[in-house]
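One file, target.cif, carrying mmCIF, C-alpha atoms:
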data_input
loop_
_atom_site.group_PDB
_atom_site.id
_atom_site.type_symbol
_atom_site.label_atom_id
_atom_site.label_comp_id
_atom_site.auth_asym_id
_atom_site.auth_seq_id
_atom_site.Cartn_x
_atom_site.Cartn_y
_atom_site.Cartn_z
ATOM 1 C CA MET K 82 179.516 -39.060 27.342
ATOM 2 C CA GLY K 83 177.869 -36.909 30.033
ATOM 3 C CA THR K 84 178.995 -37.733 33.525
ATOM 4 C CA THR K 85 180.861 -40.962 32.805
ATOM 5 C CA ARG K 86 184.169 -40.986 34.616
ATOM 6 C CA LYS K 87 186.636 -43.688 33.766
ATOM 7 C CA THR K 88 189.945 -44.652 35.272
ATOM 8 C CA ILE K 89 192.470 -44.362 32.459
ATOM 9 C CA LEU K 90 195.994 -45.604 33.086
ATOM 10 C CA PHE K 91 198.657 -44.138 30.811
ATOM 11 C CA ILE K 92 201.917 -46.079 30.764
ATOM 12 C CA LEU K 93 205.020 -44.071 29.937
ATOM 13 C CA GLN K 94 207.497 -46.664 28.774
ATOM 14 C CA ARG K 95 209.774 -44.805 26.341
ATOM 15 C CA ALA K 96 212.706 -42.501 27.023
ATOM 16 C CA PRO K 97 211.887 -38.802 26.629
ATOM 17 C CA HIS K 98 214.039 -37.650 23.710
ATOM 18 C CA GLY K 99 214.636 -40.632 21.405
ATOM 19 C CA SER K 100 211.062 -40.594 20.156
ATOM 20 C CA SER K 101 207.936 -38.528 20.622
ATOM 21 C CA ALA K 102 206.078 -41.424 22.287
ATOM 22 C CA ALA K 103 206.443 -40.249 25.883
ATOM 23 C CA ARG K 104 205.527 -36.658 25.065
ATOM 24 C CA GLU K 105 202.478 -37.691 23.089
ATOM 25 C CA THR K 106 201.371 -40.079 25.825
ATOM 26 C CA LEU K 107 201.535 -37.128 28.228
ATOM 27 C CA ASP K 108 199.530 -35.026 25.746
ATOM 28 C CA ALA K 109 196.827 -37.699 25.669
ATOM 29 C CA ALA K 110 196.853 -37.948 29.479
ATOM 30 C CA LEU K 111 196.451 -34.185 29.881
ATOM 31 C CA ALA K 112 193.558 -34.208 27.401
ATOM 32 C CA ALA K 113 191.844 -36.987 29.364
ATOM 33 C CA ALA K 114 192.349 -35.040 32.594
ATOM 34 C CA ALA K 115 190.866 -31.937 30.961
ATOM 35 C CA PHE K 116 187.767 -34.078 30.339
ATOM 36 C CA GLU K 117 187.670 -34.830 34.048
ATOM 37 C CA GLN K 118 188.621 -38.460 33.780
ATOM 38 C CA ASP K 119 190.423 -40.268 36.572
ATOM 39 C CA VAL K 120 193.911 -40.246 35.041
ATOM 40 C CA GLN K 121 196.746 -42.393 36.373
ATOM 41 C CA LEU K 122 200.329 -42.470 35.136
ATOM 42 C CA LEU K 123 202.815 -45.285 35.395
ATOM 43 C CA PHE K 124 206.456 -44.697 34.486
ATOM 44 C CA SER K 125 208.044 -47.963 33.489
ATOM 45 C CA GLY K 126 211.042 -49.266 31.527
ATOM 46 C CA ASP K 127 212.931 -46.464 29.763
ATOM 47 C CA GLY K 128 209.963 -44.224 30.592
ATOM 48 C CA VAL K 129 211.477 -43.622 34.028
ATOM 49 C CA TRP K 130 214.111 -41.468 32.288
ATOM 50 C CA LEU K 131 211.395 -38.813 32.070
ATOM 51 C CA LEU K 132 211.881 -38.475 35.818
ATOM 52 C CA GLN K 133 215.605 -37.739 35.611
ATOM 53 C CA PRO K 134 216.048 -34.207 37.003
ATOM 54 C CA ASP K 135 217.949 -31.345 35.310
ATOM 55 C CA GLN K 136 217.567 -32.369 31.683
ATOM 56 C CA GLN K 137 218.725 -29.871 29.080
ATOM 57 C CA ALA K 138 216.406 -30.649 26.205
ATOM 58 C CA ASP K 139 217.080 -27.298 24.519
ATOM 59 C CA ALA K 140 220.615 -28.492 23.694
ATOM 60 C CA ILE K 141 219.070 -30.779 21.061
ATOM 61 C CA ALA K 142 216.126 -28.477 20.249
ATOM 62 C CA SER K 143 213.809 -30.927 21.996
ATOM 63 C CA LYS K 144 210.875 -30.055 24.216
ATOM 64 C CA ASP K 145 211.419 -29.994 27.952
ATOM 65 C CA THR K 146 209.296 -32.814 29.318
ATOM 66 C CA ALA K 147 209.860 -31.560 32.882
ATOM 67 C CA LYS K 148 207.521 -28.675 32.078
ATOM 68 C CA MET K 149 204.851 -31.145 31.026
ATOM 69 C CA LEU K 150 205.372 -33.076 34.253
ATOM 70 C CA GLN K 151 204.891 -29.870 36.219
ATOM 71 C CA ALA K 152 201.611 -29.306 34.394
ATOM 72 C CA LEU K 153 200.208 -32.570 35.771
ATOM 73 C CA ALA K 154 199.369 -30.976 39.120
ATOM 74 C CA TYR K 155 197.349 -28.234 37.389
ATOM 75 C CA TYR K 156 195.304 -30.932 35.696
ATOM 76 C CA ASP K 157 194.724 -32.585 39.050
ATOM 77 C CA ILE K 158 196.665 -35.718 38.078
ATOM 78 C CA LYS K 159 197.834 -37.074 41.407
ATOM 79 C CA ALA K 160 198.014 -40.830 40.850
ATOM 80 C CA VAL K 161 201.570 -40.966 39.535
ATOM 81 C CA PHE K 162 203.509 -44.201 39.903
ATOM 82 C CA ALA K 163 206.915 -45.503 38.875
ATOM 83 C CA ASP K 164 208.227 -49.041 38.662
ATOM 84 C CA THR K 165 210.748 -49.714 41.439
ATOM 85 C CA VAL K 166 212.642 -52.222 39.281
ATOM 86 C CA SER K 167 213.020 -49.836 36.310
ATOM 87 C CA LEU K 168 214.239 -47.061 38.631
ATOM 88 C CA ALA K 169 216.771 -49.350 40.330
ATOM 89 C CA GLU K 170 218.041 -50.795 37.030
ATOM 90 C CA ARG K 171 218.819 -47.291 35.805
ATOM 91 C CA GLY K 172 220.307 -46.037 39.053
ATOM 92 C CA LEU K 173 217.570 -43.490 39.653
ATOM 93 C CA ASP K 174 216.798 -42.456 43.207
ATOM 94 C CA ALA K 175 213.048 -42.398 43.845
ATOM 95 C CA THR K 176 213.501 -39.582 46.339
ATOM 96 C CA ASN K 177 215.295 -37.301 43.875
ATOM 97 C CA LEU K 178 213.218 -37.139 40.710
ATOM 98 C CA ALA K 179 211.823 -34.375 38.508
ATOM 99 C CA LEU K 180 208.363 -35.256 39.812
ATOM 100 C CA ALA K 181 207.132 -36.734 43.073
ATOM 101 C CA VAL K 182 206.021 -40.282 42.288
ATOM 102 C CA THR K 183 204.929 -43.307 44.259
ATOM 103 C CA ALA K 184 207.410 -46.098 43.517
ATOM 104 C CA ILE K 185 205.582 -49.420 43.358
ATOM 105 C CA GLU K 186 206.574 -53.059 42.947
ATOM 106 C CA PRO K 187 205.465 -55.127 39.924
ATOM 107 C CA ALA K 188 202.706 -56.835 41.944
ATOM 108 C CA ALA K 189 201.118 -53.461 42.748
ATOM 109 C CA GLN K 190 201.365 -52.517 39.066
ATOM 110 C CA GLN K 191 199.398 -55.609 38.153
ATOM 111 C CA ARG K 192 196.639 -54.499 40.498
ATOM 112 C CA LEU K 193 196.711 -51.036 38.917
ATOM 113 C CA LEU K 194 196.389 -52.517 35.414
ATOM 114 C CA ARG K 195 193.566 -54.789 36.478
ATOM 115 C CA ALA K 196 191.623 -51.999 38.181
ATOM 116 C CA ALA K 197 191.845 -49.507 35.281
ATOM 117 C CA ASP K 198 188.925 -49.153 32.848
ATOM 118 C CA CYS K 199 191.342 -48.444 30.036
ATOM 119 C CA VAL K 200 195.108 -48.678 29.587
ATOM 120 C CA VAL K 201 196.938 -46.544 27.035
ATOM 121 C CA ALA K 202 200.576 -47.401 26.318
ATOM 122 C CA LEU K 203 202.170 -45.873 23.218
ATOM 123 C CA MET A 14 180.482 -54.564 21.980
ATOM 124 C CA LYS A 15 181.551 -51.006 21.235
ATOM 125 C CA PHE A 16 185.205 -50.696 20.254
ATOM 126 C CA ALA A 17 187.404 -47.650 19.889
ATOM 127 C CA LEU A 18 190.674 -48.072 18.020
ATOM 128 C CA LEU A 19 193.803 -46.049 18.648
ATOM 129 C CA ILE A 20 196.209 -46.399 15.747
ATOM 130 C CA THR A 21 199.732 -45.037 16.028
ATOM 131 C CA ALA A 22 201.365 -47.283 13.425
ATOM 132 C CA ALA A 23 202.499 -45.729 10.138
ATOM 133 C CA PRO A 24 200.546 -47.375 7.299
ATOM 134 C CA PHE A 25 203.518 -48.566 5.218
ATOM 135 C CA SER A 26 206.401 -48.902 7.692
ATOM 136 C CA GLN A 27 204.578 -50.894 10.318
ATOM 137 C CA GLN A 28 202.145 -53.770 10.240
ATOM 138 C CA GLY A 29 199.920 -52.246 12.948
ATOM 139 C CA ALA A 30 197.696 -50.165 10.648
ATOM 140 C CA ALA A 31 196.910 -53.169 8.409
ATOM 141 C CA THR A 32 196.340 -55.431 11.422
ATOM 142 C CA ALA A 33 194.010 -52.814 12.889
ATOM 143 C CA LEU A 34 192.013 -52.804 9.652
ATOM 144 C CA ARG A 35 191.643 -56.582 9.713
ATOM 145 C CA PHE A 36 190.577 -56.360 13.366
ATOM 146 C CA ALA A 37 187.989 -53.711 12.498
ATOM 147 C CA GLN A 38 186.658 -55.739 9.559
ATOM 148 C CA ALA A 39 186.345 -58.838 11.755
ATOM 149 C CA ALA A 40 184.672 -56.873 14.554
ATOM 150 C CA VAL A 41 182.058 -55.360 12.225
ATOM 151 C CA LYS A 42 181.463 -58.744 10.594
ATOM 152 C CA ALA A 43 180.855 -60.258 14.046
ATOM 153 C CA GLY A 44 178.218 -57.613 14.778
ATOM 154 C CA HIS A 45 180.280 -55.312 16.969
ATOM 155 C CA THR A 46 180.430 -51.553 16.601
ATOM 156 C CA ILE A 47 183.499 -49.435 15.964
ATOM 157 C CA GLU A 48 182.699 -46.196 17.806
ATOM 158 C CA ARG A 49 185.659 -44.284 16.530
ATOM 159 C CA VAL A 50 189.070 -44.788 14.982
ATOM 160 C CA PHE A 51 191.621 -42.320 16.261
ATOM 161 C CA PHE A 52 194.825 -41.978 14.258
ATOM 162 C CA PHE A 53 197.696 -40.641 16.319
ATOM 163 C CA ARG A 54 201.456 -40.181 15.815
ATOM 164 C CA ASP A 55 202.576 -41.696 12.453
ATOM 165 C CA GLY A 56 199.141 -43.295 12.128
ATOM 166 C CA VAL A 57 197.819 -40.000 10.734
ATOM 167 C CA HIS A 58 199.435 -40.812 7.371
ATOM 168 C CA THR A 59 196.503 -43.189 6.927
ATOM 169 C CA ALA A 60 194.277 -40.129 6.460
ATOM 170 C CA SER A 61 196.107 -38.831 3.386
ATOM 171 C CA GLU A 62 194.350 -39.130 0.055
ATOM 172 C CA LEU A 63 197.667 -38.831 -1.757
ATOM 173 C CA ALA A 64 199.220 -42.140 -0.729
ATOM 174 C CA ILE A 65 200.069 -44.191 -3.801
ATOM 175 C CA ALA A 66 201.138 -47.805 -3.371
ATOM 176 C CA PRO A 67 202.840 -50.040 -5.925
ATOM 177 C CA GLN A 68 200.439 -52.488 -7.576
ATOM 178 C CA ASP A 69 201.703 -55.491 -5.626
ATOM 179 C CA GLU A 70 201.310 -53.786 -2.248
ATOM 180 C CA ALA A 71 198.126 -53.083 -0.306
ATOM 181 C CA ASN A 72 197.241 -49.392 -0.115
ATOM 182 C CA VAL A 73 196.426 -49.396 3.592
ATOM 183 C CA PRO A 74 195.368 -45.717 3.718
ATOM 184 C CA VAL A 75 192.900 -46.172 0.852
ATOM 185 C CA LEU A 76 191.565 -49.437 2.331
ATOM 186 C CA TRP A 77 191.027 -47.735 5.701
ATOM 187 C CA GLN A 78 189.313 -44.771 4.052
ATOM 188 C CA GLN A 79 186.975 -47.034 2.062
ATOM 189 C CA PHE A 80 186.187 -49.100 5.144
ATOM 190 C CA CYS A 81 185.297 -46.048 7.250
ATOM 191 C CA ARG A 82 183.100 -44.571 4.504
ATOM 192 C CA GLU A 83 181.347 -47.870 3.849
ATOM 193 C CA HIS A 84 180.526 -48.486 7.514
ATOM 194 C CA HIS A 85 180.038 -44.824 8.486
ATOM 195 C CA ILE A 86 182.788 -45.046 11.051
ATOM 196 C CA ASP A 87 183.993 -41.901 12.712
ATOM 197 C CA ALA A 88 187.664 -41.615 11.706
ATOM 198 C CA ILE A 89 189.763 -38.874 13.270
ATOM 199 C CA ALA A 90 193.356 -37.867 12.643
ATOM 200 C CA CYS A 91 194.860 -36.086 15.658
ATOM 201 C CA VAL A 92 195.213 -32.440 14.662
ATOM 202 C CA SER A 93 198.652 -31.756 16.122
ATOM 203 C CA ALA A 94 200.086 -35.029 14.786
ATOM 204 C CA ALA A 95 198.467 -34.486 11.377
ATOM 205 C CA LEU A 96 199.523 -30.876 10.804
ATOM 206 C CA LYS A 97 203.137 -31.655 11.700
ATOM 207 C CA ARG A 98 203.141 -34.396 9.091
ATOM 208 C CA GLY A 99 201.476 -32.374 6.370
ATOM 209 C CA ILE A 100 198.044 -33.971 6.635
ATOM 210 C CA VAL A 101 195.630 -31.045 6.343
ATOM 211 C CA ASP A 102 192.013 -30.441 5.502
ATOM 212 C CA ALA A 103 190.816 -27.427 3.525
ATOM 213 C CA ARG A 104 190.196 -25.376 6.662
ATOM 214 C CA GLU A 105 193.635 -25.952 8.204
ATOM 215 C CA SER A 106 195.267 -25.416 4.815
ATOM 216 C CA GLN A 107 193.620 -22.031 4.533
ATOM 217 C CA ARG A 108 194.293 -21.137 8.149
ATOM 218 C CA HIS A 109 198.006 -21.864 7.784
ATOM 219 C CA GLN A 110 198.263 -20.367 4.291
ATOM 220 C CA ARG A 111 199.165 -23.563 2.514
ATOM 221 C CA SER A 112 198.530 -24.205 -1.173
ATOM 222 C CA ALA A 113 196.796 -27.581 -0.888
ATOM 223 C CA ALA A 114 194.843 -29.941 1.324
ATOM 224 C CA ASN A 115 195.098 -33.731 1.329
ATOM 225 C CA LEU A 116 192.755 -35.105 3.968
ATOM 226 C CA ALA A 117 190.860 -38.024 2.463
ATOM 227 C CA ASP A 118 187.104 -38.056 2.116
ATOM 228 C CA GLY A 119 185.513 -39.614 5.196
ATOM 229 C CA MET A 120 188.409 -38.684 7.473
ATOM 230 C CA GLN A 121 188.319 -35.791 9.919
ATOM 231 C CA ILE A 122 190.886 -33.785 11.814
ATOM 232 C CA GLY A 123 190.284 -33.341 15.528
ATOM 233 C CA GLY A 124 191.874 -32.931 18.943
ATOM 234 C CA LEU A 125 192.871 -35.415 21.620
ATOM 235 C CA GLY A 126 189.591 -34.664 23.381
ATOM 236 C CA LEU A 127 187.989 -36.877 20.747
ATOM 237 C CA LEU A 128 190.265 -39.716 21.842
ATOM 238 C CA THR A 129 189.136 -39.203 25.434
ATOM 239 C CA GLU A 130 185.525 -39.155 24.281
ATOM 240 C CA ALA A 131 186.078 -42.459 22.445
ATOM 241 C CA ILE A 132 187.659 -44.003 25.561
ATOM 242 C CA ILE A 133 184.648 -42.903 27.619
ATOM 243 C CA ASP A 134 182.063 -44.162 25.135
ATOM 244 C CA ALA A 135 183.658 -47.468 24.134
ATOM 245 C CA ASP A 136 183.555 -50.746 26.008
ATOM 246 C CA ARG A 137 187.066 -51.564 24.833
ATOM 247 C CA VAL A 138 189.928 -49.511 23.455
ATOM 248 C CA VAL A 139 192.458 -51.370 21.344
ATOM 249 C CA THR A 140 195.787 -49.779 20.438
ATOM 250 C CA PHE A 141 197.714 -50.705 17.304
ATOM 251 C CA GLY A 142 201.257 -49.380 17.319
#

Have the structure of the file written as structure tokens, please.
Amino acid sequence: MGTTRKTILFILQRAPHGSSAARETLDAALAAAAFEQDVQLLFSGDGVWLLQPDQQADAIASKDTAKMLQALAYYDIKAVFADTVSLAERGLDATNLALAVTAIEPAAQQRLLRAADCVVAL
Amino acid sequence: MKFALLITAAPFSQQGAATALRFAQAAVKAGHTIERVFFFRDGVHTASELAIAPQDEANVPVLWQQFCREHHIDAIACVSAALKRGIVDARESQRHQRSAANLADGMQIGGLGLLTEAIIDADRVVTFG
């Protein structure tokens, strides 16, 4: 593998607590970042619920995904995007989220998908 | 072309694991290489040697295990996903003081770094969920 650096886009498309998909996608993204890959995240569909602030995951003995989101910065993951349509549909305010994201329109997401070397969506 | 496969589908509840196997068989037959198969989430059940299927149903775990052995394909079950689901090799069994191990011959247990490595090395990564 050596010095190869790929752009890997991880799409978070599932709500945080109904299944482990979102958490495990984040796990895979953090692992890729630890291997110094160019990691990008796109929150889309029910995945934008990960960005809802003030979740109380401990009430259902679930893991707090906000902590994982905070870890992104330590792994130098800065390319974090969210779908404007998914946010609007769910009444989420892009300026008041658990993580600072760049809200982008579907057309910009298409460009992101096209430019990535690999897309992982669980 | 060098493929890496990411399989999250459970072998008996979802079609994905069987479809992935047919994809892998077709790819090898066409002269392509499967760099690595990474089993993640419920896909790790494919690495158990204890799966027993009724006679009229395909034993997807066993078919996958045979395929990987036959073609010397690197097959990894994600360690955190596997341990949670009771898929353990002798080393993990001992380490966690369990009485048995059930990882099938030809399968290995490894971390998500091996998924990253597969993504880096492969020309294409195909996910089967």

For segment 150-153 of chain K, what centre and edge lengths in Å (one decimal) does the axis-aligned box get once 4 Å is added on each side of all its listed atoms, as AutoDock Vina command-line options?
--center_x 202.8 --center_y -31.2 --center_z 35.2 --size_x 13.2 --size_y 11.8 --size_z 10.0

Using the chain letters and numbers from the file, which residues does the PyMOL selection byres ((chain A) within 8 of (chain K)) grab, as a CSV table (one decimal) with C-alpha atoms, in the coordinates of the input?
chain,number,residue,atom,x,y,z
A,21,THR,CA,199.7,-45.0,16.0
A,54,ARG,CA,201.5,-40.2,15.8
A,125,LEU,CA,192.9,-35.4,21.6
A,126,GLY,CA,189.6,-34.7,23.4
A,128,LEU,CA,190.3,-39.7,21.8
A,129,THR,CA,189.1,-39.2,25.4
A,130,GLU,CA,185.5,-39.2,24.3
A,132,ILE,CA,187.7,-44.0,25.6
A,133,ILE,CA,184.6,-42.9,27.6
A,134,ASP,CA,182.1,-44.2,25.1
A,137,ARG,CA,187.1,-51.6,24.8
A,138,VAL,CA,189.9,-49.5,23.5
A,140,THR,CA,195.8,-49.8,20.4
A,142,GLY,CA,201.3,-49.4,17.3

Contact residues around segment 121-125 of chain K with all atoms listed in the file at 7 Å, ignoring same-chain residues under 6 positions, as a ChimeraX atom specification: /K:89-94,158,160-164,167

Evaluate the PyMOL selection byres ((chain A and resi 114) around 7) and record the selected residues as a PyMOL selection string, following the chain and residue labels used in the document. chain A and resi 101-103+106+113+115-116

What is the distance between atom CA of Thr183 of chain K and atom CA of Asp135 of chain K, in Å to one decimal?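 Interatomic distance, atom CA of Thr183 of chain K to atom CA of Asp135 of chain K: 19.8 Å.
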
Exercise: segment 31-41 of chain A partners within 12 Å, all atoms listed in the file, chain neighbours under 2 positions left out, as a PyMOL selection string: chain A and resi 14-29+43-52+56+59+70-81+83-86+137-142

Find the distance between atom CA of Ile89 of chain A and atom CA of Gln121 of chain A and write it in Å to one decimal.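 The value is 4.8 Å.
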
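Between atom CA of Lys97 of chain A and atom CA of His58 of chain A the separation is 10.8 Å.
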
Rebuild segment 119-137 of chain A so that it carries N, CA and C atoms, then output the result as a PDB file, in the coordinates of the input.
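The resulting selection17.pdb:
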ATOM      1  N   GLY A 119     185.922 -38.689   4.142  1.00  0.00           N
ATOM      2  CA  GLY A 119     185.513 -39.614   5.196  1.00  0.00           C
ATOM      3  C   GLY A 119     186.381 -39.530   6.439  1.00  0.00           C
ATOM      4  N   MET A 120     187.528 -38.860   6.313  1.00  0.00           N
ATOM      5  CA  MET A 120     188.409 -38.684   7.473  1.00  0.00           C
ATOM      6  C   MET A 120     188.190 -37.272   8.026  1.00  0.00           C
ATOM      7  N   GLN A 121     188.435 -37.120   9.310  1.00  0.00           N
ATOM      8  CA  GLN A 121     188.319 -35.791   9.919  1.00  0.00           C
ATOM      9  C   GLN A 121     189.559 -35.482  10.731  1.00  0.00           C
ATOM     10  N   ILE A 122     189.777 -34.201  10.958  1.00  0.00           N
ATOM     11  CA  ILE A 122     190.886 -33.785  11.814  1.00  0.00           C
ATOM     12  C   ILE A 122     190.287 -33.294  13.124  1.00  0.00           C
ATOM     13  N   GLY A 123     190.842 -33.739  14.239  1.00  0.00           N
ATOM     14  CA  GLY A 123     190.284 -33.341  15.528  1.00  0.00           C
ATOM     15  C   GLY A 123     191.290 -33.488  16.652  1.00  0.00           C
ATOM     16  N   GLY A 124     190.957 -32.952  17.798  1.00  0.00           N
ATOM     17  CA  GLY A 124     191.874 -32.931  18.943  1.00  0.00           C
ATOM     18  C   GLY A 124     191.842 -34.206  19.774  1.00  0.00           C
ATOM     19  N   LEU A 125     192.768 -34.244  20.741  1.00  0.00           N
ATOM     20  CA  LEU A 125     192.871 -35.415  21.620  1.00  0.00           C
ATOM     21  C   LEU A 125     191.638 -35.590  22.508  1.00  0.00           C
ATOM     22  N   GLY A 126     190.841 -34.540  22.631  1.00  0.00           N
ATOM     23  CA  GLY A 126     189.591 -34.664  23.381  1.00  0.00           C
ATOM     24  C   GLY A 126     188.689 -35.720  22.756  1.00  0.00           C
ATOM     25  N   LEU A 127     188.805 -35.869  21.433  1.00  0.00           N
ATOM     26  CA  LEU A 127     187.989 -36.877  20.747  1.00  0.00           C
ATOM     27  C   LEU A 127     188.470 -38.293  21.053  1.00  0.00           C
ATOM     28  N   LEU A 128     189.762 -38.410  21.388  1.00  0.00           N
ATOM     29  CA  LEU A 128     190.265 -39.716  21.842  1.00  0.00           C
ATOM     30  C   LEU A 128     189.680 -40.028  23.221  1.00  0.00           C
ATOM     31  N   THR A 129     189.708 -39.025  24.090  1.00  0.00           N
ATOM     32  CA  THR A 129     189.136 -39.203  25.434  1.00  0.00           C
ATOM     33  C   THR A 129     187.664 -39.595  25.329  1.00  0.00           C
ATOM     34  N   GLU A 130     186.954 -38.881  24.473  1.00  0.00           N
ATOM     35  CA  GLU A 130     185.525 -39.155  24.281  1.00  0.00           C
ATOM     36  C   GLU A 130     185.310 -40.615  23.840  1.00  0.00           C
ATOM     37  N   ALA A 131     186.179 -41.080  22.932  1.00  0.00           N
ATOM     38  CA  ALA A 131     186.078 -42.459  22.445  1.00  0.00           C
ATOM     39  C   ALA A 131     186.347 -43.448  23.573  1.00  0.00           C
ATOM     40  N   ILE A 132     187.336 -43.129  24.420  1.00  0.00           N
ATOM     41  CA  ILE A 132     187.659 -44.003  25.561  1.00  0.00           C
ATOM     42  C   ILE A 132     186.457 -44.088  26.502  1.00  0.00           C
ATOM     43  N   ILE A 133     185.801 -42.943  26.708  1.00  0.00           N
ATOM     44  CA  ILE A 133     184.648 -42.903  27.619  1.00  0.00           C
ATOM     45  C   ILE A 133     183.484 -43.713  27.047  1.00  0.00           C
ATOM     46  N   ASP A 134     183.246 -43.543  25.749  1.00  0.00           N
ATOM     47  CA  ASP A 134     182.063 -44.162  25.135  1.00  0.00           C
ATOM     48  C   ASP A 134     182.221 -45.650  24.822  1.00  0.00           C
ATOM     49  N   ALA A 135     183.457 -46.080  24.575  1.00  0.00           N
ATOM     50  CA  ALA A 135     183.658 -47.468  24.134  1.00  0.00           C
ATOM     51  C   ALA A 135     183.723 -48.439  25.306  1.00  0.00           C
ATOM     52  N   ASP A 136     183.377 -49.690  25.010  1.00  0.00           N
ATOM     53  CA  ASP A 136     183.555 -50.746  26.008  1.00  0.00           C
ATOM     54  C   ASP A 136     185.024 -51.174  26.073  1.00  0.00           C
ATOM     55  N   ARG A 137     185.658 -51.152  24.918  1.00  0.00           N
ATOM     56  CA  ARG A 137     187.066 -51.564  24.833  1.00  0.00           C
ATOM     57  C   ARG A 137     187.830 -50.621  23.911  1.00  0.00           C
TER      58      ARG A 137
END
